>>> print(open('start04.txt').read())   # compact mmCIF, C-alpha atoms
# COMPACT_ATOMS: atom_id res chain seq x y z
CA MET A 239 -54.60 -11.61 111.45
CA CYS A 240 -53.25 -9.11 114.02
CA VAL A 241 -49.78 -10.68 113.85
CA VAL A 242 -49.51 -10.64 110.05
CA ALA A 243 -50.87 -7.13 109.39
CA PRO A 244 -48.07 -5.12 111.03
CA ALA A 245 -45.51 -7.07 109.06
CA CYS A 246 -47.03 -6.20 105.69
CA PRO A 247 -45.62 -2.63 105.43
CA ILE A 248 -42.22 -3.87 106.45
CA LEU A 249 -42.22 -6.56 103.78
CA ARG A 250 -43.48 -4.13 101.16
CA GLY A 251 -40.73 -1.65 102.03
CA ASP A 252 -38.11 -4.33 101.82
CA LEU A 253 -39.44 -5.29 98.36
CA GLU A 254 -39.31 -1.70 97.16
CA ARG A 255 -35.79 -1.24 98.47
CA SER A 256 -34.59 -4.48 96.96
CA THR A 257 -35.98 -3.87 93.44
CA PRO A 258 -33.21 -1.50 92.12
CA ARG A 259 -30.55 -3.93 93.23
CA ASP A 260 -32.28 -6.77 91.42
CA VAL A 261 -32.55 -4.75 88.17
CA THR A 262 -28.88 -3.82 88.31
CA GLY A 263 -28.01 -7.42 88.91
CA GLY A 264 -30.06 -8.49 85.89
CA ARG A 265 -28.23 -6.05 83.65
CA ALA A 266 -24.92 -7.33 84.89
CA VAL A 267 -26.00 -10.88 84.09
CA MET A 268 -27.02 -9.86 80.56
CA ALA A 269 -23.71 -8.08 79.96
CA SER A 270 -21.76 -11.07 81.18
CA GLY A 271 -23.86 -13.30 78.89
CA GLN A 272 -23.05 -11.16 75.87
CA GLN A 273 -19.35 -11.24 76.73
CA TRP A 274 -19.54 -15.02 77.00
CA VAL A 275 -21.11 -15.26 73.52
CA LEU A 276 -18.36 -13.04 72.10
CA VAL A 277 -15.74 -15.23 73.77
CA GLU A 278 -17.35 -18.29 72.22
CA MET A 279 -17.30 -16.68 68.74
CA VAL A 280 -13.58 -15.82 69.06
CA GLN A 281 -12.85 -19.31 70.30
CA ALA A 282 -14.79 -20.84 67.39
CA PHE A 283 -12.89 -18.62 64.97
CA TYR A 284 -9.54 -19.95 66.22
CA GLU A 285 -10.77 -23.53 66.19
CA ALA A 286 -12.19 -23.34 62.61
CA PRO A 287 -10.23 -25.12 59.83
CA ALA A 288 -7.85 -22.99 57.79
CA TYR A 289 -9.64 -23.65 54.48
CA HIS A 290 -12.91 -22.44 56.01
CA LEU A 291 -11.34 -19.15 57.08
CA ILE A 292 -9.74 -18.66 53.66
CA LEU A 293 -13.05 -19.26 51.89
CA GLU A 294 -14.91 -16.80 54.11
CA GLY A 295 -12.21 -14.21 53.60
CA ILE A 296 -12.42 -14.55 49.81
CA LEU A 297 -16.21 -14.18 49.92
CA ILE A 298 -15.97 -11.05 52.06
CA LEU A 299 -13.41 -9.49 49.73
CA TRP A 300 -15.55 -10.35 46.67
CA ILE A 301 -18.62 -8.72 48.22
CA ILE A 302 -16.62 -5.57 49.05
CA ARG A 303 -15.34 -5.45 45.47
CA LEU A 304 -18.88 -5.74 44.07
CA LEU A 305 -20.13 -2.93 46.29
CA PHE A 306 -17.41 -0.44 45.44
CA SER A 307 -16.38 -1.33 41.89
CA LYS A 308 -17.99 0.33 38.79
CA THR A 309 -20.25 -1.72 36.59
CA TYR A 310 -18.81 -0.25 33.41
CA LYS A 311 -15.64 1.31 32.17
CA LEU A 312 -15.50 4.67 30.49
CA HIS A 313 -14.00 4.45 27.06
CA GLU A 314 -11.45 6.98 26.13
CA THR A 315 -12.93 9.61 23.83
CA TYR A 316 -11.18 11.23 20.98
CA LYS A 317 -12.37 14.60 19.77
CA LEU A 318 -12.45 14.85 15.98
CA THR A 319 -11.32 17.92 14.17
CA GLU A 320 -13.65 19.73 11.80
CA LYS A 321 -11.73 18.40 8.80
CA GLU A 322 -12.01 14.80 10.05
CA LYS A 323 -15.76 15.26 10.55
CA GLU A 324 -16.17 16.56 7.00
CA ASP A 325 -14.13 13.66 5.60
CA LEU A 326 -16.27 11.11 7.44
CA ILE A 327 -19.47 12.72 6.20
CA GLU A 328 -18.25 12.66 2.61
CA GLU A 329 -17.23 9.00 2.87
CA TRP A 330 -20.52 7.87 4.45
CA GLN A 331 -22.94 6.14 2.10
CA PRO A 332 -26.43 5.36 3.48
CA GLU A 333 -27.90 1.94 2.85
CA PRO A 334 -31.00 1.91 0.61
CA LEU A 335 -34.33 1.81 2.42
CA VAL A 336 -35.59 -0.92 0.08
CA PRO A 337 -33.85 -3.27 -2.34
CA ALA A 338 -33.35 -2.01 -5.85
CA VAL A 339 -36.26 -2.91 -8.14
CA SER A 340 -36.22 -2.99 -11.91
CA ARG A 341 -38.52 -0.54 -13.67
CA ASP A 342 -39.91 -3.52 -15.58
CA HIS A 343 -41.40 -4.96 -12.40
CA PRO A 344 -45.13 -5.76 -12.91
CA SER A 345 -46.15 -3.73 -9.85
CA LEU A 346 -44.67 -0.58 -11.39
CA ASN A 347 -46.49 -1.01 -14.70
CA TYR A 348 -50.15 -0.23 -14.24
CA ASP A 349 -53.06 -1.35 -16.35
CA VAL A 350 -54.67 1.99 -17.13
CA VAL A 351 -58.48 2.13 -17.31
CA THR A 352 -60.07 4.54 -19.73
CA GLY A 353 -63.71 5.43 -19.09
CA PRO A 354 -66.12 4.16 -16.42
CA PRO A 355 -65.39 0.71 -14.91
CA SER A 356 -68.72 -0.81 -15.94
CA HIS A 357 -69.41 -4.32 -17.21
CA LYS A 358 -67.36 -3.50 -20.29
CA ILE A 359 -64.10 -1.75 -19.57
CA ILE A 360 -61.27 -0.35 -21.69
CA ILE A 361 -57.85 -1.34 -20.32
CA ASN A 362 -54.71 -0.09 -22.08
CA GLY A 363 -56.86 0.78 -25.09
CA LYS A 364 -58.43 -2.69 -25.31
CA GLU A 365 -62.11 -3.39 -24.54
CA CYS A 366 -62.58 -6.16 -21.97
CA ILE A 367 -65.40 -7.72 -19.98
CA ASN A 368 -65.03 -6.71 -16.33
CA PHE A 369 -65.31 -9.52 -13.80
CA ALA A 370 -63.11 -7.76 -11.22
CA SER A 371 -65.55 -5.13 -9.98
CA PHE A 372 -68.12 -4.71 -7.22
CA ASN A 373 -70.23 -2.66 -9.62
CA PHE A 374 -72.63 -5.59 -9.92
CA LEU A 375 -75.55 -3.73 -11.49
CA GLY A 376 -73.52 -1.43 -13.71
CA LEU A 377 -75.06 1.66 -12.10
CA LEU A 378 -71.71 3.40 -12.10
CA ASP A 379 -72.32 4.37 -15.72
CA ASN A 380 -76.10 4.73 -15.50
CA GLU A 381 -77.25 7.91 -17.24
CA ARG A 382 -80.01 8.69 -14.75
CA VAL A 383 -77.64 8.37 -11.80
CA LYS A 384 -75.12 10.64 -13.49
CA GLN A 385 -77.77 13.30 -14.00
CA LYS A 386 -78.59 13.12 -10.29
CA ALA A 387 -74.90 13.60 -9.49
CA LEU A 388 -74.65 16.70 -11.68
CA ALA A 389 -77.71 18.26 -10.06
CA SER A 390 -76.31 17.56 -6.58
CA LEU A 391 -72.93 19.03 -7.50
CA LYS A 392 -74.53 22.32 -8.50
CA LYS A 393 -76.59 22.54 -5.30
CA TYR A 394 -74.32 21.15 -2.56
CA GLY A 395 -70.75 21.29 -3.86
CA VAL A 396 -68.26 18.48 -3.48
CA GLY A 397 -68.23 17.62 0.25
CA THR A 398 -69.74 18.00 3.74
CA CYS A 399 -66.57 18.68 5.80
CA GLY A 400 -68.23 17.69 9.06
CA PRO A 401 -69.32 14.66 11.14
CA ARG A 402 -72.98 13.89 11.68
CA GLY A 403 -73.14 15.63 15.05
CA PHE A 404 -71.30 18.78 13.87
CA TYR A 405 -73.30 20.31 11.04
CA GLY A 406 -72.73 17.28 8.85
CA THR A 407 -76.36 16.18 8.48
CA PHE A 408 -77.81 17.31 5.16
CA ASP A 409 -81.40 16.93 4.03
CA VAL A 410 -80.27 14.37 1.46
CA HIS A 411 -78.89 12.16 4.25
CA LEU A 412 -82.32 12.05 5.90
CA GLU A 413 -84.00 11.50 2.53
CA LEU A 414 -81.75 8.55 1.76
CA GLU A 415 -82.37 7.00 5.19
CA SER A 416 -86.12 7.29 4.59
CA ARG A 417 -85.85 5.76 1.11
CA LEU A 418 -83.69 2.89 2.36
CA ALA A 419 -86.19 2.09 5.10
CA ASN A 420 -89.06 2.13 2.60
CA PHE A 421 -87.10 0.03 0.11
CA MET A 422 -86.17 -2.60 2.70
CA LYS A 423 -89.66 -2.48 4.32
CA THR A 424 -88.25 -1.65 7.77
CA GLU A 425 -89.19 1.04 10.27
CA GLU A 426 -85.96 3.05 10.09
CA ALA A 427 -82.50 3.13 8.55
CA ILE A 428 -79.24 4.87 9.40
CA ILE A 429 -76.39 5.63 6.99
CA TYR A 430 -72.63 5.58 7.54
CA SER A 431 -70.00 7.40 5.52
CA TYR A 432 -67.71 4.36 5.18
CA GLY A 433 -68.98 0.96 4.14
CA PHE A 434 -66.32 -1.03 6.03
CA ALA A 435 -67.14 0.79 9.29
CA THR A 436 -70.86 0.02 9.10
CA ILE A 437 -70.93 -3.51 10.52
CA ALA A 438 -67.64 -2.91 12.36
CA SER A 439 -69.38 -0.13 14.33
CA ALA A 440 -72.82 -1.73 14.59
CA ILE A 441 -71.66 -4.91 16.35
CA PRO A 442 -69.94 -3.18 19.33
CA ALA A 443 -72.89 -0.79 19.62
CA TYR A 444 -75.02 -3.68 20.87
CA SER A 445 -72.72 -6.48 22.03
CA LYS A 446 -70.50 -5.60 24.99
CA ARG A 447 -68.02 -7.32 27.27
CA GLY A 448 -69.54 -10.48 28.71
CA ASP A 449 -72.01 -11.00 25.86
CA ILE A 450 -71.74 -13.99 23.52
CA ILE A 451 -71.55 -13.90 19.71
CA PHE A 452 -71.91 -16.99 17.52
CA VAL A 453 -70.28 -16.20 14.18
CA ASP A 454 -69.55 -18.11 10.99
CA GLU A 455 -65.86 -18.94 10.61
CA ALA A 456 -65.91 -17.52 7.05
CA ALA A 457 -66.98 -14.04 8.20
CA CYS A 458 -65.41 -11.12 6.34
CA PHE A 459 -62.74 -8.79 7.71
CA SER A 460 -65.10 -5.97 8.67
CA VAL A 461 -67.15 -8.40 10.78
CA GLN A 462 -63.94 -9.61 12.44
CA LYS A 463 -62.99 -6.04 13.39
CA GLY A 464 -66.44 -5.49 14.85
CA LEU A 465 -66.06 -8.64 16.94
CA GLN A 466 -62.73 -7.43 18.28
CA ALA A 467 -64.15 -4.02 19.15
CA SER A 468 -67.09 -5.57 21.02
CA ARG A 469 -64.78 -7.45 23.47
CA SER A 470 -67.49 -10.09 23.65
CA PHE A 471 -66.98 -13.83 24.00
CA ILE A 472 -66.79 -15.21 20.43
CA LYS A 473 -67.80 -18.73 19.44
CA TYR A 474 -67.14 -19.75 15.83
CA PHE A 475 -69.20 -22.40 14.06
CA LYS A 476 -68.27 -24.19 10.85
CA HIS A 477 -69.14 -22.40 7.64
CA ASN A 478 -72.88 -22.66 6.92
CA ASP A 479 -73.06 -25.70 9.23
CA MET A 480 -76.31 -25.36 11.16
CA GLU A 481 -75.69 -28.60 13.08
CA ASP A 482 -72.44 -27.21 14.44
CA LEU A 483 -74.16 -23.94 15.33
CA GLU A 484 -76.95 -25.77 17.16
CA ARG A 485 -74.35 -27.79 19.05
CA LEU A 486 -72.79 -24.55 20.33
CA LEU A 487 -76.22 -23.16 21.21
CA LYS A 488 -77.09 -26.31 23.17
CA GLU A 489 -73.81 -26.14 25.06
CA GLN A 490 -74.50 -22.52 25.93
CA GLU A 491 -78.03 -23.42 27.03
CA LEU A 492 -76.62 -25.99 29.49
CA GLU A 493 -74.19 -23.40 30.85
CA ASP A 494 -77.05 -20.94 31.29
CA GLN A 495 -79.00 -23.51 33.31
CA LYS A 496 -76.07 -23.81 35.72
CA ASN A 497 -75.97 -20.06 36.29
CA PRO A 498 -79.42 -18.61 35.49
CA ARG A 499 -78.67 -15.31 37.19
CA LYS A 500 -75.78 -14.62 34.81
CA ALA A 501 -77.77 -15.91 31.84
CA ARG A 502 -80.49 -13.28 32.41
CA VAL A 503 -78.03 -10.42 31.81
CA THR A 504 -75.97 -12.06 29.03
CA ARG A 505 -77.04 -11.17 25.51
CA LYS A 506 -76.48 -13.65 22.71
CA PHE A 507 -76.12 -12.87 18.99
CA ILE A 508 -75.67 -14.76 15.72
CA VAL A 509 -73.66 -12.83 13.11
CA VAL A 510 -73.74 -14.07 9.50
CA GLU A 511 -73.39 -12.71 5.98
CA GLY A 512 -76.14 -12.97 3.40
CA LEU A 513 -73.65 -13.71 0.65
CA TYR A 514 -70.16 -14.50 1.94
CA ILE A 515 -67.44 -12.51 0.23
CA ASN A 516 -64.84 -15.15 1.12
CA THR A 517 -66.74 -18.14 -0.29
CA ALA A 518 -69.60 -16.74 -2.44
CA ASP A 519 -72.01 -19.00 -0.49
CA VAL A 520 -75.51 -17.89 0.53
CA CYS A 521 -76.34 -18.32 4.21
CA PRO A 522 -79.21 -20.71 5.11
CA LEU A 523 -81.36 -17.92 6.54
CA PRO A 524 -84.58 -19.93 7.14
CA GLU A 525 -82.71 -22.39 9.36
CA LEU A 526 -81.02 -19.53 11.20
CA VAL A 527 -84.40 -17.98 11.98
CA LYS A 528 -85.63 -21.29 13.44
CA LEU A 529 -82.58 -21.49 15.69
CA LYS A 530 -83.09 -17.88 16.71
CA TYR A 531 -86.52 -18.52 18.19
CA LYS A 532 -85.60 -21.95 19.56
CA TYR A 533 -82.61 -20.70 21.58
CA LYS A 534 -83.67 -17.06 22.04
CA VAL A 535 -80.79 -15.28 20.31
CA ARG A 536 -80.62 -12.23 18.05
CA ILE A 537 -79.53 -12.27 14.39
CA PHE A 538 -77.29 -9.65 12.77
CA LEU A 539 -77.22 -10.02 8.99
CA GLU A 540 -74.43 -8.44 6.93
CA GLU A 541 -75.65 -7.97 3.34
CA SER A 542 -72.95 -5.94 1.64
CA MET A 543 -72.58 -8.53 -1.12
CA SER A 544 -76.21 -9.65 -1.35
CA PHE A 545 -77.91 -6.23 -1.27
CA GLY A 546 -78.99 -5.34 -4.80
CA VAL A 547 -78.01 -8.82 -6.04
CA LEU A 548 -80.29 -11.38 -4.37
CA GLY A 549 -84.07 -11.27 -4.38
CA GLU A 550 -86.59 -10.26 -7.02
CA HIS A 551 -86.07 -6.56 -6.32
CA GLY A 552 -82.53 -6.77 -4.96
CA LYS A 553 -83.51 -6.53 -1.29
CA GLY A 554 -81.10 -9.23 -0.30
CA VAL A 555 -81.20 -12.66 1.20
CA THR A 556 -84.45 -12.06 3.13
CA GLU A 557 -86.31 -11.52 -0.15
CA HIS A 558 -84.36 -14.35 -1.77
CA PHE A 559 -85.70 -16.87 0.79
CA GLY A 560 -89.01 -15.13 1.46
CA VAL A 561 -88.13 -14.57 5.12
CA ASN A 562 -90.03 -11.89 7.03
CA ILE A 563 -87.57 -9.05 7.52
CA ASP A 564 -88.92 -8.46 11.03
CA ASP A 565 -87.38 -11.80 12.01
CA ILE A 566 -83.94 -10.22 11.55
CA ASP A 567 -82.86 -7.94 14.39
CA LEU A 568 -80.40 -5.85 12.36
CA ILE A 569 -79.45 -5.71 8.70
CA SER A 570 -76.34 -3.89 7.52
CA ALA A 571 -74.93 -3.37 4.04
CA ASN A 572 -72.65 -1.00 2.22
CA MET A 573 -73.57 1.08 -0.79
CA GLU A 574 -70.18 0.74 -2.45
CA ASN A 575 -71.12 -2.39 -4.39
CA ALA A 576 -74.48 -2.70 -6.12
CA VAL A 577 -75.57 0.90 -5.51
CA ALA A 578 -72.31 2.28 -6.96
CA SER A 579 -72.07 4.98 -4.28
CA ILE A 580 -70.20 5.20 -0.98
CA GLY A 581 -70.87 4.45 2.68
CA GLY A 582 -73.22 1.93 4.24
CA PHE A 583 -76.45 1.62 6.15
CA CYS A 584 -78.21 -0.34 8.89
CA CYS A 585 -81.95 -0.92 8.98
CA GLY A 586 -84.43 -2.50 11.35
CA ARG A 587 -86.92 -1.54 14.03
CA SER A 588 -86.94 2.05 15.30
CA PHE A 589 -85.64 1.26 18.79
CA VAL A 590 -82.74 -0.72 17.30
CA ILE A 591 -81.68 2.09 14.97
CA ASP A 592 -82.16 4.79 17.61
CA HIS A 593 -79.81 2.89 19.91
CA GLN A 594 -76.96 3.33 17.42
CA VAL A 595 -77.27 7.10 17.79
CA ARG A 596 -77.85 7.23 21.54
CA ALA A 597 -75.42 4.58 22.77
CA THR A 598 -72.32 6.38 24.12
CA GLY A 599 -72.85 9.24 21.70
CA GLY A 600 -73.14 6.92 18.74
CA PRO A 601 -70.69 4.41 17.27
CA PRO A 602 -67.38 5.92 16.02
CA GLY A 603 -68.20 5.08 12.41
CA TYR A 604 -71.38 7.11 12.71
CA MET A 605 -70.46 10.12 14.87
CA GLU A 606 -66.77 10.78 14.23
CA GLU A 607 -66.33 10.45 10.47
CA PRO A 608 -67.29 13.25 8.08
CA ARG A 609 -70.55 12.61 6.31
CA SER A 610 -70.58 11.38 2.75
CA ALA A 611 -70.67 14.07 0.12
CA ALA A 612 -74.15 15.01 -1.03
CA ILE A 613 -73.16 14.29 -4.63
CA LEU A 614 -72.76 10.62 -3.69
CA ILE A 615 -75.72 10.48 -1.33
CA TRP A 616 -78.06 11.98 -3.92
CA CYS A 617 -76.94 9.34 -6.42
CA SER A 618 -78.09 6.56 -4.09
CA PRO A 619 -81.85 7.28 -4.31
CA GLY A 620 -81.50 7.30 -8.07
CA ALA A 621 -79.74 3.94 -7.88
CA LEU A 622 -82.46 2.55 -5.63
CA GLN A 623 -85.07 3.54 -8.17
CA GLN A 624 -83.19 1.46 -10.71
CA ASP A 625 -83.83 -1.60 -8.52
CA GLN A 626 -87.59 -1.20 -8.75
CA PRO A 627 -89.56 -3.40 -11.14
CA GLY A 628 -89.65 -2.20 -14.71
CA PRO A 629 -87.07 -1.00 -17.25
CA GLY A 630 -83.64 -0.56 -15.73
CA GLY A 631 -84.30 -2.96 -12.82
CA PRO A 632 -83.20 -6.54 -12.27
CA ALA A 633 -84.40 -7.53 -15.74
CA TRP A 634 -81.82 -5.11 -17.14
CA LEU A 635 -79.13 -6.82 -15.09
CA GLY A 636 -80.13 -10.25 -16.36
CA GLY A 637 -79.99 -9.00 -19.92
CA THR A 638 -76.47 -7.73 -19.38
CA SER A 639 -75.35 -11.08 -18.00
CA LEU A 640 -76.95 -12.84 -20.98
CA VAL A 641 -75.01 -10.68 -23.45
CA GLN A 642 -71.75 -11.35 -21.65
CA GLY A 643 -72.45 -15.09 -21.56
CA ASP A 644 -73.03 -15.17 -25.30
CA GLN A 645 -69.79 -13.26 -25.92
CA LEU A 646 -67.85 -15.75 -23.81
CA GLY A 647 -69.33 -18.71 -25.65
CA TRP A 648 -71.44 -19.94 -22.72
CA GLY A 649 -74.57 -20.25 -24.79
CA GLY A 650 -77.72 -19.05 -23.05
CA THR A 651 -76.09 -18.16 -19.73
CA SER A 652 -78.24 -15.83 -17.61
CA LEU A 653 -78.18 -14.41 -14.12
CA VAL A 654 -79.07 -16.92 -11.43
CA GLN A 655 -79.22 -16.72 -7.63
CA GLN A 656 -77.69 -20.06 -6.68
CA ASP A 657 -74.71 -22.31 -7.48
CA TYR A 658 -72.20 -19.47 -7.08
CA SER A 659 -68.56 -20.08 -7.84
CA LYS A 660 -65.79 -19.40 -5.33
CA ALA A 661 -64.53 -16.38 -7.25
CA ASP A 662 -65.48 -12.84 -6.31
CA GLY A 663 -66.96 -12.36 -9.75
CA GLY A 664 -69.35 -15.25 -9.21
CA CYS A 665 -72.21 -12.88 -8.52
CA TYR A 666 -72.52 -11.99 -12.18
>>> encode(input="start04.txt", output="structure tokens")
Amino acid sequence: MCVVAPACPILRGDLERSTPRDVTGGRAVMASGQQWVLVEMVQAFYEAPAYHLILEGILILWIIRLLFSKTYKLHETYKLTEKEKEDLIEEWQPEPLVPAVSRDHPSLNYDVVTGPPSHKIIINGKECINFASFNFLGLLDNERVKQKALASLKKYGVGTCGPRGFYGTFDVHLELESRLANFMKTEEAIIYSYGFATIASAIPAYSKRGDIIFVDEAACFSVQKGLQASRSFIKYFKHNDMEDLERLLKEQELEDQKNPRKARVTRKFIVVEGLYINTADVCPLPELVKLKYKYKVRIFLEESMSFGVLGEHGKGVTEHFGVNIDDIDLISANMENAVASIGGFCCGRSFVIDHQVRATGGPPGYMEEPRSAAILIWCSPGALQQDQPGPGGPAWLGGTSLVQGDQLGWGGTSLVQQDYSKADGGCY
């Protein structure tokens, strides 16, 4: 140990003194290595075949040309004189926006209606029987309803000029909602100013992204728009085919069993029409109610065509089949058909109707559109009274159909509530 220790500082000093020389030598080696690589590249260049060098040269020149050449050429411009501009403008003849059409074209020759479009209508001076109208009950020309309209015109004027949330709620709106709820035997009702927007706004108010809607493939256009606005997952079943609907419900039930956590937060709805406008078929409501409770889904019933037409008092398909209206989660209909007014309504339990007002400030069809004019709203209670038992009610409608049937040579034809034809006028 005594022999080695004195030598340690000497060795360490030698190492420190030798380190700069070693670093300089390493750099020299690296520089010589780089020179050797460059020499090898030059040597390889001279040894390469001539065609290889020519090809590389062409590629290099082509790349340089692409980098520095312009992608387009400027066209030479010629400045026109004022006289040349005026001559060109005078010579220019624009092409017609649409092809020329003869004035004798059927679309340009209207059939002019004189008087109210009731069951009997005067077209071009000739009296006809009207099968092309949604005025099913003929209330458009009802004397009592017209008197209501005149009284409303004197009191409220001709419009509301405001949405529901901005000074657009009149006392007659609340009165009509109360009367509709009483008429349909539900807890509450809510009215819309546009019949098409009623179901189109009601569906997305409840069904959201991720929810599932089972809908009849023959659903009307307003239902289709509501389905699109909901952004829900849509499953179509064959028209009025309850076996096909149950098949879809069973498939969904199996999927829910695989993921019960997701199933607990996924809402499921069945959307049908009471009387389909596209087929004039009545939905099998009793079977739908059975499926509702069996598979735990909600039913939305669109009754724009069946309201005022089906049932002893015109309350729709629920009265037609004797189904408890509380078994239906939401009923919607417009008042532009049988009631001969404007707008639409939804009715059901109080918490269901209240949700349409509270949810995100209310559906667009309810909150953003101006309210229906009082003159039309006030006519609706008068029309509802016509649907009550007694003179002017459904018996009056049947009598009208009987007269029309005799005039057409159908014998004792009367109003029925089954075996509808495929035509829109099949409800008569």
>>> atom_distance(input="start04.txt", atom1="atom CA of Ala457 of chain A", atom2="atom CA of Leu523 of chain A")
15.0 Å
>>> residues_around(input="start04.txt", residues="segment 505-516 of chain A", least_positions_apart="4", cutoff="7 Å", atoms="all atoms listed in the file", output="list in words")
Asp449, Ile450, Ile451, Phe452, Val453, Asp454, Ala456, Ala457, Cys458, Val520, Cys521, Val535, Arg536, Ile537, Phe538, Leu539, Glu540, Glu541, Met543, Ser544, Val555 and Asp662 of chain A
>>> axis_aligned_box(input="start04.txt", around="segment 538-554 of chain A", padding_each_side="3 Å", output="lines of an AutoDock Vina configuration file")
center_x = -79.6
center_y = -8.4
center_z = 2.9
size_x = 20.0
size_y = 12.0
size_z = 25.8
>>> closest_atom_pairs(input="start04.txt", of="segment 406-513 of chain A", to="segment 388-394 of chain A", cutoff="12 Å", atoms="only C-alpha atoms", output="CSV")
residue,atom,partner,partner_atom,distance
A:Phe408,CA,A:Tyr394,CA,9.3
A:Asp409,CA,A:Tyr394,CA,10.6
A:Val410,CA,A:Ser390,CA,9.5
>>> atom_distance(input="start04.txt", atom1="atom CA of Phe471 of chain A", atom2="atom CA of Glu489 of chain A")
14.1 Å
>>> residues_near_point(input="start04.txt", point="(-62.2, -4.9, -20.3)", cutoff="12 Å", atoms="all atoms listed in the file", output="NGL selection string")
:A and (349-371 or 642)
>>> atom_distance(input="start04.txt", atom1="atom CA of Val280 of chain A", atom2="atom CA of Glu294 of chain A")
15.0 Å
>>> build_atoms(input="start04.txt", residues="segment 555-568 of chain A", atoms="N, CA, C and O atoms", output="PDB file, keeping the file's coordinate frame")
ATOM      1  N   VAL A 555     -80.949 -11.260   0.937  1.00  0.00           N
ATOM      2  CA  VAL A 555     -81.200 -12.660   1.200  1.00  0.00           C
ATOM      3  C   VAL A 555     -82.568 -12.890   1.855  1.00  0.00           C
ATOM      4  O   VAL A 555     -83.147 -13.975   1.736  1.00  0.00           O
ATOM      5  N   THR A 556     -83.110 -11.895   2.551  1.00  0.00           N
ATOM      6  CA  THR A 556     -84.450 -12.060   3.130  1.00  0.00           C
ATOM      7  C   THR A 556     -85.491 -12.222   2.025  1.00  0.00           C
ATOM      8  O   THR A 556     -86.372 -13.077   2.095  1.00  0.00           O
ATOM      9  N   GLU A 557     -85.389 -11.401   0.979  1.00  0.00           N
ATOM     10  CA  GLU A 557     -86.310 -11.520  -0.150  1.00  0.00           C
ATOM     11  C   GLU A 557     -86.016 -12.775  -0.948  1.00  0.00           C
ATOM     12  O   GLU A 557     -86.933 -13.407  -1.490  1.00  0.00           O
ATOM     13  N   HIS A 558     -84.756 -13.151  -1.024  1.00  0.00           N
ATOM     14  CA  HIS A 558     -84.360 -14.350  -1.770  1.00  0.00           C
ATOM     15  C   HIS A 558     -85.033 -15.602  -1.194  1.00  0.00           C
ATOM     16  O   HIS A 558     -85.501 -16.471  -1.940  1.00  0.00           O
ATOM     17  N   PHE A 559     -85.097 -15.713   0.139  1.00  0.00           N
ATOM     18  CA  PHE A 559     -85.700 -16.870   0.790  1.00  0.00           C
ATOM     19  C   PHE A 559     -87.146 -16.636   1.196  1.00  0.00           C
ATOM     20  O   PHE A 559     -87.794 -17.560   1.699  1.00  0.00           O
ATOM     21  N   GLY A 560     -87.659 -15.432   1.029  1.00  0.00           N
ATOM     22  CA  GLY A 560     -89.010 -15.130   1.460  1.00  0.00           C
ATOM     23  C   GLY A 560     -89.161 -15.072   2.967  1.00  0.00           C
ATOM     24  O   GLY A 560     -90.238 -15.369   3.507  1.00  0.00           O
ATOM     25  N   VAL A 561     -88.113 -14.673   3.670  1.00  0.00           N
ATOM     26  CA  VAL A 561     -88.130 -14.570   5.120  1.00  0.00           C
ATOM     27  C   VAL A 561     -88.653 -13.195   5.518  1.00  0.00           C
ATOM     28  O   VAL A 561     -88.283 -12.182   4.916  1.00  0.00           O
ATOM     29  N   ASN A 562     -89.515 -13.164   6.519  1.00  0.00           N
ATOM     30  CA  ASN A 562     -90.030 -11.890   7.030  1.00  0.00           C
ATOM     31  C   ASN A 562     -88.871 -11.082   7.583  1.00  0.00           C
ATOM     32  O   ASN A 562     -88.124 -11.541   8.446  1.00  0.00           O
ATOM     33  N   ILE A 563     -88.718  -9.858   7.112  1.00  0.00           N
ATOM     34  CA  ILE A 563     -87.570  -9.050   7.520  1.00  0.00           C
ATOM     35  C   ILE A 563     -87.629  -8.683   8.984  1.00  0.00           C
ATOM     36  O   ILE A 563     -86.610  -8.368   9.601  1.00  0.00           O
ATOM     37  N   ASP A 564     -88.806  -8.736   9.600  1.00  0.00           N
ATOM     38  CA  ASP A 564     -88.920  -8.460  11.030  1.00  0.00           C
ATOM     39  C   ASP A 564     -88.310  -9.560  11.888  1.00  0.00           C
ATOM     40  O   ASP A 564     -88.092  -9.361  13.089  1.00  0.00           O
ATOM     41  N   ASP A 565     -88.034 -10.719  11.275  1.00  0.00           N
ATOM     42  CA  ASP A 565     -87.380 -11.800  12.010  1.00  0.00           C
ATOM     43  C   ASP A 565     -85.883 -11.545  12.183  1.00  0.00           C
ATOM     44  O   ASP A 565     -85.227 -12.253  12.950  1.00  0.00           O
ATOM     45  N   ILE A 566     -85.361 -10.561  11.464  1.00  0.00           N
ATOM     46  CA  ILE A 566     -83.940 -10.220  11.550  1.00  0.00           C
ATOM     47  C   ILE A 566     -83.816  -8.983  12.438  1.00  0.00           C
ATOM     48  O   ILE A 566     -84.468  -7.966  12.196  1.00  0.00           O
ATOM     49  N   ASP A 567     -82.972  -9.051  13.437  1.00  0.00           N
ATOM     50  CA  ASP A 567     -82.860  -7.940  14.390  1.00  0.00           C
ATOM     51  C   ASP A 567     -82.150  -6.738  13.797  1.00  0.00           C
ATOM     52  O   ASP A 567     -82.509  -5.602  14.100  1.00  0.00           O
ATOM     53  N   LEU A 568     -81.126  -6.967  12.981  1.00  0.00           N
ATOM     54  CA  LEU A 568     -80.400  -5.850  12.360  1.00  0.00           C
ATOM     55  C   LEU A 568     -79.823  -6.301  11.036  1.00  0.00           C
ATOM     56  O   LEU A 568     -79.220  -7.372  10.942  1.00  0.00           O
TER      57      LEU A 568
END
